[in-house]
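Q: So here's query_28.txt, just compact mmCIF, C-alpha atoms:
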# COMPACT_ATOMS: atom_id res chain seq x y z
CA MET U 1434 0.00 0.00 0.00
CA ALA U 1435 1.83 3.01 -1.23
CA ASN U 1436 1.71 6.31 0.65
CA GLU U 1437 -0.51 5.06 3.43
CA LYS U 1438 0.05 3.81 6.92
CA LYS U 1439 -1.63 0.43 7.29
CA VAL U 1440 -2.23 -1.15 10.64
CA LEU U 1441 -2.71 -4.89 11.03
CA THR U 1442 -3.25 -6.03 14.59
CA ILE U 1443 -1.88 -9.56 14.94
CA LYS U 1444 -1.84 -11.43 18.25
CA ASN U 1445 -0.87 -15.08 18.69
CA ASN U 1446 -0.69 -15.41 14.89
CA ILE U 1447 -4.32 -14.28 14.54
CA LEU U 1448 -5.08 -11.22 12.45
CA GLU U 1449 -7.55 -9.47 14.77
CA LYS U 1450 -8.18 -6.27 12.86
CA CYS U 1451 -7.06 -4.02 10.08
CA THR U 1452 -7.47 -0.25 10.29
CA ASN U 1453 -6.66 2.84 8.24
CA SER U 1454 -6.75 1.34 4.75
CA LYS U 1455 -9.66 3.18 3.15
CA PHE U 1456 -7.66 3.86 -0.02
CA ALA U 1457 -5.74 0.60 -0.14
CA VAL U 1458 -5.05 -1.00 -3.50
CA ASP U 1459 -3.36 -4.19 -2.27
CA ILE U 1460 -3.24 -5.72 1.20
CA GLU U 1461 -0.80 -8.52 1.99
CA ILE U 1462 -1.33 -10.55 5.13
CA PRO U 1463 2.04 -11.63 6.53
CA ASP U 1464 3.16 -15.25 6.40
CA GLY U 1465 2.72 -16.93 9.76
CA VAL U 1466 -0.81 -15.65 10.34
CA ILE U 1467 -2.96 -18.74 10.93
CA GLU U 1468 -6.41 -17.17 11.30
CA ILE U 1469 -8.34 -14.09 10.21
CA ALA U 1470 -10.71 -13.16 13.02
CA SER U 1471 -14.41 -12.45 12.68
CA GLU U 1472 -14.95 -8.93 11.31
CA ALA U 1473 -11.19 -8.31 11.08
CA PHE U 1474 -11.68 -6.16 7.99
CA ALA U 1475 -15.36 -5.27 8.31
CA GLY U 1476 -16.03 -1.62 9.03
CA ARG U 1477 -12.41 -0.97 9.92
CA CYS U 1478 -10.16 -1.56 7.00
CA ALA U 1479 -11.55 -1.95 3.53
CA SER U 1480 -15.23 -1.37 4.21
CA GLY U 1481 -16.49 0.77 1.36
CA CYS U 1482 -13.03 0.89 -0.22
CA ALA U 1483 -13.51 1.19 -3.97
CA SER U 1484 -9.79 1.09 -4.77
CA LEU U 1485 -9.02 -2.33 -3.24
CA LEU U 1486 -7.94 -4.76 -5.96
CA SER U 1487 -6.48 -7.66 -4.01
CA VAL U 1488 -5.92 -9.23 -0.62
CA VAL U 1489 -3.06 -11.72 -0.50
CA VAL U 1490 -3.71 -14.50 2.01
CA PRO U 1491 -0.69 -16.73 2.76
CA ASP U 1492 -0.86 -20.53 2.86
CA SER U 1493 -0.34 -20.35 6.64
CA VAL U 1494 -3.95 -19.12 7.09
CA LYS U 1495 -6.09 -22.12 8.03
CA ALA U 1496 -9.28 -20.32 9.15
CA ILE U 1497 -11.21 -17.27 8.03
CA ARG U 1498 -13.92 -16.51 10.56
CA HIS U 1499 -17.49 -15.34 10.02
CA SER U 1500 -17.85 -11.88 8.45
CA ALA U 1501 -14.08 -11.37 8.29
CA PHE U 1502 -14.49 -9.37 5.09
CA ALA U 1503 -18.05 -8.09 5.58
CA TYR U 1504 -18.92 -4.98 3.55
CA CYS U 1505 -15.71 -5.10 1.55
Spit out the file's structure as structure tokens when you get a sec.

A:
Amino acid sequence: MANEKKVLTIKNNILEKCTNSKFAVDIEIPDGVIEIASEAFAGRCASGCASLLSVVVPDSVKAIRHSAFAYC
């Protein structure tokens, strides 16, 4: 994400939330993350973001919880 500060909150290898990415084009989740929490992106990160083209999810992710990408 060029020219923008992106914040991914990751605890115990679980991506809990993403904030401040309203104008993101690409989001890359770091290798080692094993789960994307419920509503991790919804209403915080890419909700209503018209510029988002891709989200790269590494092979390490084994679970994507309910509504993780709601309203994206």

Q: To one decimal in Å, tell me the separation between CA of Ile1467 (chain U) and CA of Ala1496 (chain U).

A: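 Separating CA of Ile1467 (chain U) from CA of Ala1496 (chain U) is a distance of 6.8 Å.
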
Q: What is the CA of Arg1498 (chain U) to CA of Leu1448 (chain U) distance in Å?

A: 10.5 Å

Q: Please identify all polymer residues within 10 Å of Asp1492 (chain U), counting only C-alpha atoms, omitting same-chain residues fewer than 3 positions from it, and present them as a ChimeraX atom specification.

A: /U:1464-1467,1489,1495

Q: When distances are computed from only C-alpha atoms, which of U:Val1490, U:Ile1497, U:Ala1503, U:Leu1485 shows the smallest separation from Glu1449 (chain U)?

A: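 Among the listed residues, U:Ile1497 lies closest to Glu1449 (chain U).
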
Q: To one decimal in Å, tell me the separation between CA of Tyr1504 (chain U) and CA of Pro1491 (chain U).

A: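 Straight-line distance from CA of Tyr1504 (chain U) to CA of Pro1491 (chain U) works out to 21.7 Å.
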
Q: Using only C-alpha atoms, which residue out of U:Pro1463, U:Phe1502, U:Ser1471, U:Val1488 lies closest to Leu1441 (chain U)?

A: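 Nearest to Leu1441 (chain U): U:Pro1463.
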
Q: With distances taken over all atoms listed in the file, which residue among U:Ala1473, U:Leu1486, U:Ser1493, U:Glu1468 lies nearest Val1440 (chain U)?

A: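 Selected residue with least distance to Val1440 (chain U): U:Ala1473.
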